[in-house]
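Participant: Coordinates in data-v1.cif, mmCIF, C-alpha atoms, are listed below.
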data_query
#
loop_
_atom_site.group_PDB
_atom_site.id
_atom_site.type_symbol
_atom_site.label_atom_id
_atom_site.label_comp_id
_atom_site.auth_asym_id
_atom_site.auth_seq_id
_atom_site.Cartn_x
_atom_site.Cartn_y
_atom_site.Cartn_z
ATOM 1 C CA MET K 30 -46.831 36.082 10.962
ATOM 2 C CA LYS K 31 -43.255 36.306 12.167
ATOM 3 C CA LYS K 32 -43.675 33.166 14.263
ATOM 4 C CA GLN K 33 -45.032 31.346 11.211
ATOM 5 C CA ASN K 34 -42.047 32.423 9.100
ATOM 6 C CA LEU K 35 -39.651 31.298 11.785
ATOM 7 C CA PHE K 36 -41.420 27.927 11.964
ATOM 8 C CA PHE K 37 -41.099 27.337 8.187
ATOM 9 C CA ALA K 38 -37.446 28.465 8.243
ATOM 10 C CA ALA K 39 -36.671 25.967 10.995
ATOM 11 C CA ILE K 40 -38.378 23.140 9.066
ATOM 12 C CA ALA K 41 -36.440 24.024 5.888
ATOM 13 C CA ALA K 42 -33.116 24.066 7.737
ATOM 14 C CA LEU K 43 -33.867 20.664 9.246
ATOM 15 C CA VAL K 44 -34.734 19.173 5.848
ATOM 16 C CA PHE K 45 -31.621 20.572 4.157
ATOM 17 C CA THR K 46 -29.401 19.396 7.005
ATOM 18 C CA SER K 47 -30.836 15.874 6.760
ATOM 19 C CA CYS K 48 -30.291 15.814 2.981
ATOM 20 C CA ASP K 49 -26.710 17.002 3.384
ATOM 21 C CA LYS K 50 -25.922 14.238 5.854
ATOM 22 C CA THR K 51 -27.487 11.573 3.638
ATOM 23 C CA GLU K 52 -25.575 12.737 0.559
ATOM 24 C CA ILE K 53 -22.264 12.818 2.416
ATOM 25 C CA LYS K 54 -22.713 9.252 3.625
ATOM 26 C CA GLU K 55 -23.538 8.016 0.117
ATOM 27 C CA VAL K 56 -20.540 9.784 -1.441
ATOM 28 C CA GLU K 57 -18.169 8.406 1.190
ATOM 29 C CA LYS K 58 -19.473 4.899 0.600
ATOM 30 C CA ILE K 59 -19.029 5.114 -3.185
ATOM 31 C CA VAL K 60 -15.526 6.581 -3.018
ATOM 32 C CA TYR K 61 -14.404 3.995 -0.470
ATOM 33 C CA ALA K 62 -15.732 1.087 -2.521
ATOM 34 C CA ASP K 63 -13.863 2.250 -5.626
ATOM 35 C CA GLN K 64 -10.584 2.877 -3.829
ATOM 36 C CA ALA K 65 -7.630 0.806 -5.081
ATOM 37 C CA GLY K 66 -5.615 -1.647 -2.994
ATOM 38 C CA SER K 67 -2.076 -3.024 -2.978
ATOM 39 C CA LEU K 68 -0.358 -6.303 -3.753
ATOM 40 C CA SER K 69 2.936 -7.680 -2.460
ATOM 41 C CA LEU K 70 4.901 -10.329 -4.339
ATOM 42 C CA THR K 71 7.534 -12.273 -2.391
ATOM 43 C CA PHE K 72 10.205 -14.320 -4.173
ATOM 44 C CA ASP K 73 11.706 -16.462 -1.420
ATOM 45 C CA ALA K 74 15.104 -17.725 -2.576
ATOM 46 C CA ARG K 75 15.891 -21.280 -1.452
ATOM 47 C CA TYR K 76 18.443 -23.994 -2.076
ATOM 48 C CA GLY K 77 16.488 -27.223 -1.771
ATOM 49 C CA ASP K 78 15.129 -27.267 1.775
ATOM 50 C CA SER K 79 17.537 -24.556 2.983
ATOM 51 C CA ASP K 80 17.367 -20.800 2.889
ATOM 52 C CA PHE K 81 19.507 -19.342 0.113
ATOM 53 C CA GLU K 82 22.576 -17.448 1.274
ATOM 54 C CA LEU K 83 25.483 -15.898 -0.554
ATOM 55 C CA ASN K 84 29.083 -17.039 0.072
ATOM 56 C CA LYS K 85 28.010 -20.384 1.516
ATOM 57 C CA LYS K 86 28.846 -23.781 0.030
ATOM 58 C CA TYR K 87 25.933 -25.991 -1.006
ATOM 59 C CA PRO K 88 26.243 -29.650 -2.049
ATOM 60 C CA TYR K 89 25.175 -30.745 -5.508
ATOM 61 C CA GLN K 90 25.255 -34.314 -6.793
ATOM 62 C CA LEU K 91 25.708 -34.590 -10.518
ATOM 63 C CA THR K 92 24.671 -37.764 -12.309
ATOM 64 C CA SER K 93 25.725 -38.226 -15.919
ATOM 65 C CA SER K 94 26.630 -41.017 -18.325
ATOM 66 C CA GLY K 95 30.117 -41.042 -16.809
ATOM 67 C CA GLY K 96 28.910 -41.652 -13.271
ATOM 68 C CA THR K 97 27.943 -39.719 -10.154
ATOM 69 C CA TYR K 98 29.969 -36.756 -8.950
ATOM 70 C CA ASP K 99 29.742 -34.586 -5.853
ATOM 71 C CA LEU K 100 30.157 -30.877 -6.409
ATOM 72 C CA GLU K 101 29.752 -27.791 -4.254
ATOM 73 C CA PHE K 102 28.455 -24.387 -5.295
ATOM 74 C CA ASP K 103 28.794 -21.078 -3.544
ATOM 75 C CA PHE K 104 27.009 -18.054 -4.957
ATOM 76 C CA SER K 105 27.792 -14.360 -5.131
ATOM 77 C CA ARG K 106 24.818 -13.155 -7.149
ATOM 78 C CA LEU K 107 21.202 -13.956 -8.080
ATOM 79 C CA ARG K 108 19.345 -11.203 -9.933
ATOM 80 C CA TYR K 109 16.410 -11.081 -12.335
ATOM 81 C CA TRP K 110 13.773 -8.744 -13.698
ATOM 82 C CA VAL K 111 10.104 -9.356 -12.922
ATOM 83 C CA SER K 112 8.064 -7.403 -15.456
ATOM 84 C CA ASN K 113 4.768 -6.903 -17.253
ATOM 85 C CA VAL K 114 2.639 -7.998 -14.300
ATOM 86 C CA LYS K 115 -1.001 -8.774 -15.095
ATOM 87 C CA LEU K 116 -3.855 -9.879 -12.846
ATOM 88 C CA VAL K 117 -6.681 -12.041 -14.176
ATOM 89 C CA ASP K 118 -10.098 -11.484 -12.575
ATOM 90 C CA ASN K 119 -12.967 -13.953 -12.188
ATOM 91 C CA ASP K 120 -14.343 -12.910 -15.596
ATOM 92 C CA ASN K 121 -11.008 -13.787 -17.266
ATOM 93 C CA LYS K 122 -10.263 -10.116 -17.902
ATOM 94 C CA GLU K 123 -6.566 -9.239 -17.722
ATOM 95 C CA HIS K 124 -5.546 -6.109 -15.810
ATOM 96 C CA GLU K 125 -2.067 -5.013 -16.888
ATOM 97 C CA LEU K 126 -0.257 -3.097 -14.142
ATOM 98 C CA PRO K 127 1.546 -0.065 -15.621
ATOM 99 C CA ASP K 128 5.327 0.421 -15.252
ATOM 100 C CA SER K 129 5.684 -2.967 -13.547
ATOM 101 C CA TYR K 130 9.437 -3.546 -13.797
ATOM 102 C CA TYR K 131 11.060 -4.823 -10.610
ATOM 103 C CA LEU K 132 14.599 -5.989 -9.906
ATOM 104 C CA VAL K 133 14.655 -8.932 -7.487
ATOM 105 C CA GLU K 134 18.127 -9.700 -6.237
ATOM 106 C CA GLU K 135 20.556 -11.036 -3.717
ATOM 107 C CA THR K 136 24.031 -9.842 -4.598
ATOM 108 C CA ASN K 137 27.407 -8.961 -3.229
ATOM 109 C CA GLU K 138 28.858 -5.566 -4.091
ATOM 110 C CA ILE K 139 29.299 -5.067 -7.847
ATOM 111 C CA ALA K 140 32.002 -2.891 -9.340
ATOM 112 C CA VAL K 141 30.803 -0.581 -12.126
ATOM 113 C CA PRO K 142 33.869 -0.438 -14.393
ATOM 114 C CA HIS K 143 32.495 1.953 -17.002
ATOM 115 C CA LEU K 144 31.908 4.867 -14.636
ATOM 116 C CA ILE K 145 34.621 7.461 -14.127
ATOM 117 C CA ASN K 146 34.754 7.495 -10.342
ATOM 118 C CA GLY K 147 34.779 3.733 -9.826
ATOM 119 C CA GLU K 148 31.281 3.615 -8.399
ATOM 120 C CA LYS K 149 30.020 0.336 -6.951
ATOM 121 C CA TYR K 150 26.569 -1.166 -6.804
ATOM 122 C CA PRO K 151 26.027 -1.984 -3.116
ATOM 123 C CA ALA K 152 25.416 -5.454 -1.724
ATOM 124 C CA THR K 153 21.639 -5.836 -1.799
ATOM 125 C CA LYS K 154 18.956 -8.327 -0.843
ATOM 126 C CA ARG K 155 15.466 -7.706 -2.178
ATOM 127 C CA GLU K 156 12.847 -10.460 -2.288
ATOM 128 C CA GLU K 157 9.591 -8.519 -1.895
ATOM 129 C CA VAL K 158 7.881 -6.208 -4.364
ATOM 130 C CA THR K 159 4.942 -3.994 -3.381
ATOM 131 C CA ILE K 160 2.579 -2.818 -6.121
ATOM 132 C CA LYS K 161 0.097 -0.055 -5.309
ATOM 133 C CA ASP K 162 -3.058 1.189 -7.022
ATOM 134 C CA ILE K 163 -4.420 -2.269 -7.823
ATOM 135 C CA PRO K 164 -8.030 -1.926 -9.106
ATOM 136 C CA SER K 165 -10.562 -3.285 -6.611
ATOM 137 C CA GLY K 166 -11.640 -6.802 -7.480
ATOM 138 C CA GLU K 167 -11.145 -10.522 -7.065
ATOM 139 C CA TYR K 168 -8.314 -12.121 -8.999
ATOM 140 C CA LYS K 169 -7.825 -15.796 -9.769
ATOM 141 C CA ALA K 170 -4.456 -15.723 -11.534
ATOM 142 C CA ILE K 171 -1.309 -13.663 -12.021
ATOM 143 C CA LYS K 172 0.946 -13.381 -15.061
ATOM 144 C CA PHE K 173 4.424 -11.874 -15.297
ATOM 145 C CA SER K 174 7.612 -12.207 -17.313
ATOM 146 C CA ILE K 175 11.260 -12.663 -16.412
ATOM 147 C CA GLY K 176 13.146 -10.083 -18.439
ATOM 148 C CA VAL K 177 12.488 -6.810 -20.233
ATOM 149 C CA ASP K 178 10.275 -6.379 -23.295
ATOM 150 C CA GLN K 179 11.687 -5.110 -26.584
ATOM 151 C CA LYS K 180 10.572 -1.472 -26.259
ATOM 152 C CA TYR K 181 12.779 -0.895 -23.225
ATOM 153 C CA ASN K 182 15.364 -3.571 -23.958
ATOM 154 C CA ASP K 183 16.249 -1.840 -27.225
ATOM 155 C CA ASN K 184 16.805 1.507 -25.532
ATOM 156 C CA ILE K 185 18.090 1.539 -21.957
ATOM 157 C CA ALA K 186 17.796 5.337 -21.953
ATOM 158 C CA LEU K 187 14.018 4.889 -21.583
ATOM 159 C CA THR K 188 12.765 4.601 -18.027
ATOM 160 C CA ALA K 189 9.777 2.830 -16.510
ATOM 161 C CA GLY K 190 9.363 1.340 -13.073
ATOM 162 C CA GLU K 191 12.819 0.411 -11.779
ATOM 163 C CA LEU K 192 14.533 0.186 -15.147
ATOM 164 C CA GLY K 193 17.828 2.033 -15.354
ATOM 165 C CA SER K 194 21.195 1.670 -17.034
ATOM 166 C CA LEU K 195 23.291 1.962 -13.858
ATOM 167 C CA ASN K 196 21.871 -0.844 -11.762
ATOM 168 C CA GLY K 197 24.408 -3.462 -12.788
ATOM 169 C CA MET K 198 22.128 -5.321 -15.209
ATOM 170 C CA GLY K 199 23.354 -3.790 -18.442
ATOM 171 C CA VAL K 200 26.448 -2.061 -19.764
ATOM 172 C CA SER K 201 27.624 -1.216 -16.238
ATOM 173 C CA ASP K 202 27.980 -4.930 -15.460
ATOM 174 C CA GLY K 203 29.939 -5.877 -18.562
ATOM 175 C CA TRP K 204 27.005 -7.059 -20.691
ATOM 176 C CA MET K 205 28.273 -7.452 -24.257
ATOM 177 C CA TRP K 206 25.037 -6.164 -25.776
ATOM 178 C CA PHE K 207 25.520 -2.815 -24.109
ATOM 179 C CA THR K 208 22.232 -1.364 -25.395
ATOM 180 C CA SER K 209 20.098 -3.944 -23.600
ATOM 181 C CA TYR K 210 19.495 -5.620 -20.237
ATOM 182 C CA LYS K 211 20.447 -8.869 -18.628
ATOM 183 C CA PHE K 212 17.255 -10.713 -17.754
ATOM 184 C CA LEU K 213 18.656 -13.133 -15.170
ATOM 185 C CA THR K 214 22.097 -13.653 -13.670
ATOM 186 C CA LEU K 215 23.521 -16.343 -11.412
ATOM 187 C CA ALA K 216 27.159 -16.113 -10.377
ATOM 188 C CA GLY K 217 29.488 -17.877 -7.968
ATOM 189 C CA THR K 218 32.065 -20.688 -7.879
ATOM 190 C CA ILE K 219 31.962 -24.439 -8.553
ATOM 191 C CA HIS K 220 34.129 -26.772 -6.430
ATOM 192 C CA TRP K 221 34.773 -30.491 -6.277
ATOM 193 C CA ALA K 222 33.407 -31.808 -2.974
ATOM 194 C CA ASP K 223 36.364 -34.213 -2.503
ATOM 195 C CA GLY K 224 38.672 -31.321 -1.757
ATOM 196 C CA THR K 225 40.318 -31.171 -5.177
ATOM 197 C CA PRO K 226 41.807 -27.665 -5.301
ATOM 198 C CA THR K 227 40.545 -26.988 -8.822
ATOM 199 C CA SER K 228 37.507 -24.703 -8.988
ATOM 200 C CA LYS K 229 35.719 -22.726 -11.689
ATOM 201 C CA ALA K 230 33.855 -19.449 -11.776
ATOM 202 C CA LEU K 231 30.123 -19.800 -12.421
ATOM 203 C CA SER K 232 28.552 -17.115 -14.600
ATOM 204 C CA TRP K 233 25.101 -17.705 -16.090
ATOM 205 C CA GLU K 234 23.366 -14.809 -17.834
ATOM 206 C CA THR K 235 20.288 -14.589 -20.043
ATOM 207 C CA GLY K 236 19.028 -11.787 -22.259
ATOM 208 C CA SER K 237 17.969 -10.673 -25.775
ATOM 209 C CA ASN K 238 14.575 -9.973 -27.307
ATOM 210 C CA GLU K 239 14.357 -13.540 -28.582
ATOM 211 C CA LEU K 240 14.433 -14.881 -25.037
ATOM 212 C CA PHE K 241 11.647 -12.575 -23.886
ATOM 213 C CA ASP K 242 9.268 -14.443 -26.188
ATOM 214 C CA GLY K 243 8.387 -17.395 -23.987
ATOM 215 C CA ALA K 244 9.479 -15.780 -20.729
ATOM 216 C CA GLU K 245 5.959 -15.304 -19.303
ATOM 217 C CA LYS K 246 4.707 -17.367 -16.369
ATOM 218 C CA THR K 247 1.037 -17.843 -15.450
ATOM 219 C CA VAL K 248 0.109 -18.872 -11.921
ATOM 220 C CA GLU K 249 -3.408 -19.981 -11.040
ATOM 221 C CA LEU K 250 -4.288 -19.145 -7.429
ATOM 222 C CA ALA K 251 -5.922 -21.778 -5.225
ATOM 223 C CA THR K 252 -8.706 -19.328 -4.288
ATOM 224 C CA PRO K 253 -9.496 -15.883 -5.748
ATOM 225 C CA LEU K 254 -7.530 -13.059 -4.159
ATOM 226 C CA LYS K 255 -9.606 -10.113 -2.969
ATOM 227 C CA ILE K 256 -7.947 -6.707 -3.289
ATOM 228 C CA ASP K 257 -9.535 -3.383 -2.397
ATOM 229 C CA ALA K 258 -9.153 -0.534 0.103
ATOM 230 C CA ARG K 259 -9.824 -2.899 2.992
ATOM 231 C CA ASN K 260 -7.842 -5.907 1.745
ATOM 232 C CA SER K 261 -4.295 -5.990 0.414
ATOM 233 C CA GLY K 262 -3.105 -9.050 -1.476
ATOM 234 C CA LYS K 263 -0.018 -11.161 -0.853
ATOM 235 C CA ILE K 264 1.453 -13.839 -3.125
ATOM 236 C CA ILE K 265 4.533 -15.857 -2.167
ATOM 237 C CA PHE K 266 6.734 -17.808 -4.577
ATOM 238 C CA ASN K 267 9.629 -20.145 -3.880
ATOM 239 C CA VAL K 268 12.764 -19.697 -5.984
ATOM 240 C CA ASP K 269 14.869 -22.863 -5.714
ATOM 241 C CA VAL K 270 18.389 -22.191 -6.979
ATOM 242 C CA LYS K 271 19.222 -25.902 -6.841
ATOM 243 C CA GLU K 272 16.507 -26.538 -9.445
ATOM 244 C CA LEU K 273 17.948 -23.775 -11.609
ATOM 245 C CA LEU K 274 21.244 -25.666 -11.768
ATOM 246 C CA SER K 275 19.414 -28.450 -13.617
ATOM 247 C CA ALA K 276 19.509 -26.270 -16.749
ATOM 248 C CA THR K 277 22.536 -28.328 -17.796
ATOM 249 C CA ASP K 278 23.835 -31.760 -16.825
ATOM 250 C CA LEU K 279 27.369 -30.489 -17.413
ATOM 251 C CA PRO K 280 27.732 -27.466 -15.119
ATOM 252 C CA TRP K 281 31.494 -27.910 -14.881
ATOM 253 C CA VAL K 282 31.769 -27.656 -18.674
ATOM 254 C CA ASN K 283 28.970 -25.080 -19.086
ATOM 255 C CA ASN K 284 30.076 -22.889 -16.209
ATOM 256 C CA SER K 285 29.827 -19.802 -18.426
ATOM 257 C CA ILE K 286 26.539 -19.131 -20.237
ATOM 258 C CA SER K 287 25.792 -15.879 -22.043
ATOM 259 C CA GLN K 288 24.999 -14.371 -25.441
ATOM 260 C CA ARG K 289 27.058 -16.750 -27.562
ATOM 261 C CA LYS K 290 25.206 -19.782 -26.185
ATOM 262 C CA LYS K 291 21.595 -19.170 -27.095
ATOM 263 C CA ASP K 292 20.417 -22.749 -26.498
ATOM 264 C CA LEU K 293 21.869 -22.759 -22.996
ATOM 265 C CA MET K 294 20.378 -19.337 -22.242
ATOM 266 C CA ILE K 295 16.984 -20.745 -23.213
ATOM 267 C CA ALA K 296 17.635 -23.769 -20.997
ATOM 268 C CA VAL K 297 18.412 -21.486 -18.032
ATOM 269 C CA ARG K 298 15.276 -19.419 -18.691
ATOM 270 C CA ASP K 299 13.074 -22.501 -18.952
ATOM 271 C CA ALA K 300 14.563 -24.111 -15.835
ATOM 272 C CA PHE K 301 13.920 -20.937 -13.881
ATOM 273 C CA LEU K 302 10.314 -20.564 -15.037
ATOM 274 C CA GLY K 303 9.408 -24.259 -15.048
ATOM 275 C CA LYS K 304 11.333 -25.722 -12.098
ATOM 276 C CA SER K 305 12.917 -23.066 -9.922
ATOM 277 C CA LEU K 306 10.075 -20.540 -9.612
ATOM 278 C CA THR K 307 7.010 -22.147 -8.014
ATOM 279 C CA PHE K 308 3.852 -20.890 -6.329
ATOM 280 C CA LYS K 309 3.738 -21.255 -2.536
ATOM 281 C CA GLU K 310 0.666 -19.435 -1.206
ATOM 282 C CA ALA K 311 -1.570 -16.392 -1.538
ATOM 283 C CA GLY K 312 -4.032 -14.555 0.645
ATOM 284 C CA SER K 313 -5.692 -11.264 1.531
ATOM 285 C CA VAL K 314 -4.600 -9.194 4.508
ATOM 286 C CA SER K 315 -7.154 -6.943 6.170
ATOM 287 C CA VAL K 316 -6.208 -3.273 6.226
ATOM 288 C CA GLU K 317 -7.729 -1.087 8.934
ATOM 289 C CA ALA K 318 -9.416 2.051 7.712
ATOM 290 C CA ASN K 319 -7.883 5.334 8.828
#
What would you get if you wrote out this structure as structure tokens?
Facilitator:
Amino acid sequence: MKKQNLFFAAIAALVFTSCDKTEIKEVEKIVYADQAGSLSLTFDARYGDSDFELNKKYPYQLTSSGGTYDLEFDFSRLRYWVSNVKLVDNDNKEHELPDSYYLVEETNEIAVPHLINGEKYPATKREEVTIKDIPSGEYKAIKFSIGVDQKYNDNIALTAGELGSLNGMGVSDGWMWFTSYKFLTLAGTIHWADGTPTSKALSWETGSNELFDGAEKTVELATPLKIDARNSGKIIFNVDVKELLSATDLPWVNNSISQRKKDLMIAVRDAFLGKSLTFKEAGSVSVEAN
């Protein structure tokens, strides 16, 4: 009788052990399949066919009704907000990525005049944004805006993503509308290429809730981008500063663009979205499991 009991006990233990192993494998498989992935966005600043660098003179030929003129530009600052990122899957469903506010920039040191101790925003170069916790799926398009939506633009005390009042894109950088953000800034100096000693400061800035309406860009990917625990996504854009200069055919006259020149701010926004910022490539990168 004892031997019989031992036999049944052994069989039961074997059955339960087998069930446990099967259940564990199934659970691991389900969890792994549902695990989120990541996406990197690269905004590669260029000037025509050259890499974009600060404090370097670039040629620019201006053609107008008065003739053709050779100018030179050197730049001290290029900064803009990338926000409200959305991914569009193969079923045309939009997936809005929460708190997606990213400051892309290449800038020299910026003095912060409104702070007591004379703090300075450090020289910074940032062209790549990494977004985590992307829902697993295949995505055929990406949408994002250049600027900050009204909820946060009306109250810089609110925080989300990288938004903040002391990053040199609001009151701390001399923005007249001190309760809101600059959306895009381009700064530097304009020179005559013939050596004429006269030069002018270049300061282009865009902002305001009105300009956010119409600031979204949609990019269709050549092939769907797979993102999950095993595959991270990568999308690369070119940002051609030379194309941005085409916002006006009178850069010498319109060297300063800001809040009082709404039409020119719109022209800068549209040149950036329509000409300067272009899709380069996208792909999935395999991620090894731990």
Participant: (-7.8, -19.2, -9.5) in this file's frame - what residues fall within 8 Å of it? Use only C-alpha atoms and give the answer as a list of chain:residue names.
Facilitator: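 Residues satisfying the cut-off, written out: K:Asn119, K:Tyr168, K:Lys169, K:Ala170, K:Glu249, K:Leu250, K:Ala251, K:Thr252, K:Pro253.
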Participant: Compare K:Tyr89, K:Asp257, K:Asp78, K:Glu239 by their minimum atom-to-atom distance to K:Ser275, counting only C-alpha atoms, and give me the closest one.
Facilitator: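 Using only C-alpha atoms, K:Ser275 sits closest to K:Tyr89.
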Participant: Could you tell me which residues the PyMOL selection byres ((chain K and resi 107) around 6) returns for this structure, as a list of chain:residue names?
Facilitator: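 Against this file, the PyMOL selection byres ((chain K and resi 107) around 6) returns the residues K:Arg106, K:Arg108, K:Glu134, K:Glu135, K:Thr214, K:Leu215.
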Participant: Considering only C-alpha atoms, state which residue in the set K:Lys161, K:Lys154, K:Ile265, K:Phe212 is at the smallest distance from K:Asn182.
Facilitator: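 Of K:Lys161, K:Lys154, K:Ile265, K:Phe212, the one nearest K:Asn182 is K:Phe212, counting only C-alpha atoms.
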Participant: Tell me, counting all atoms listed in the file, for each residue of stretch 69-105 of chain K within 8 Å of stretch 277-290 of chain K, which pair of atoms is nearest and how far apart they are in Å to one decimal, in rows ordered by chain and increasing number, as a tab-separated table.
Facilitator:
residue	atom	partner	partner_atom	distance
K:Leu91	CA	K:Asp278	CA	7.2
K:Thr92	CA	K:Asp278	CA	7.6
K:Ser93	CA	K:Asp278	CA	6.8
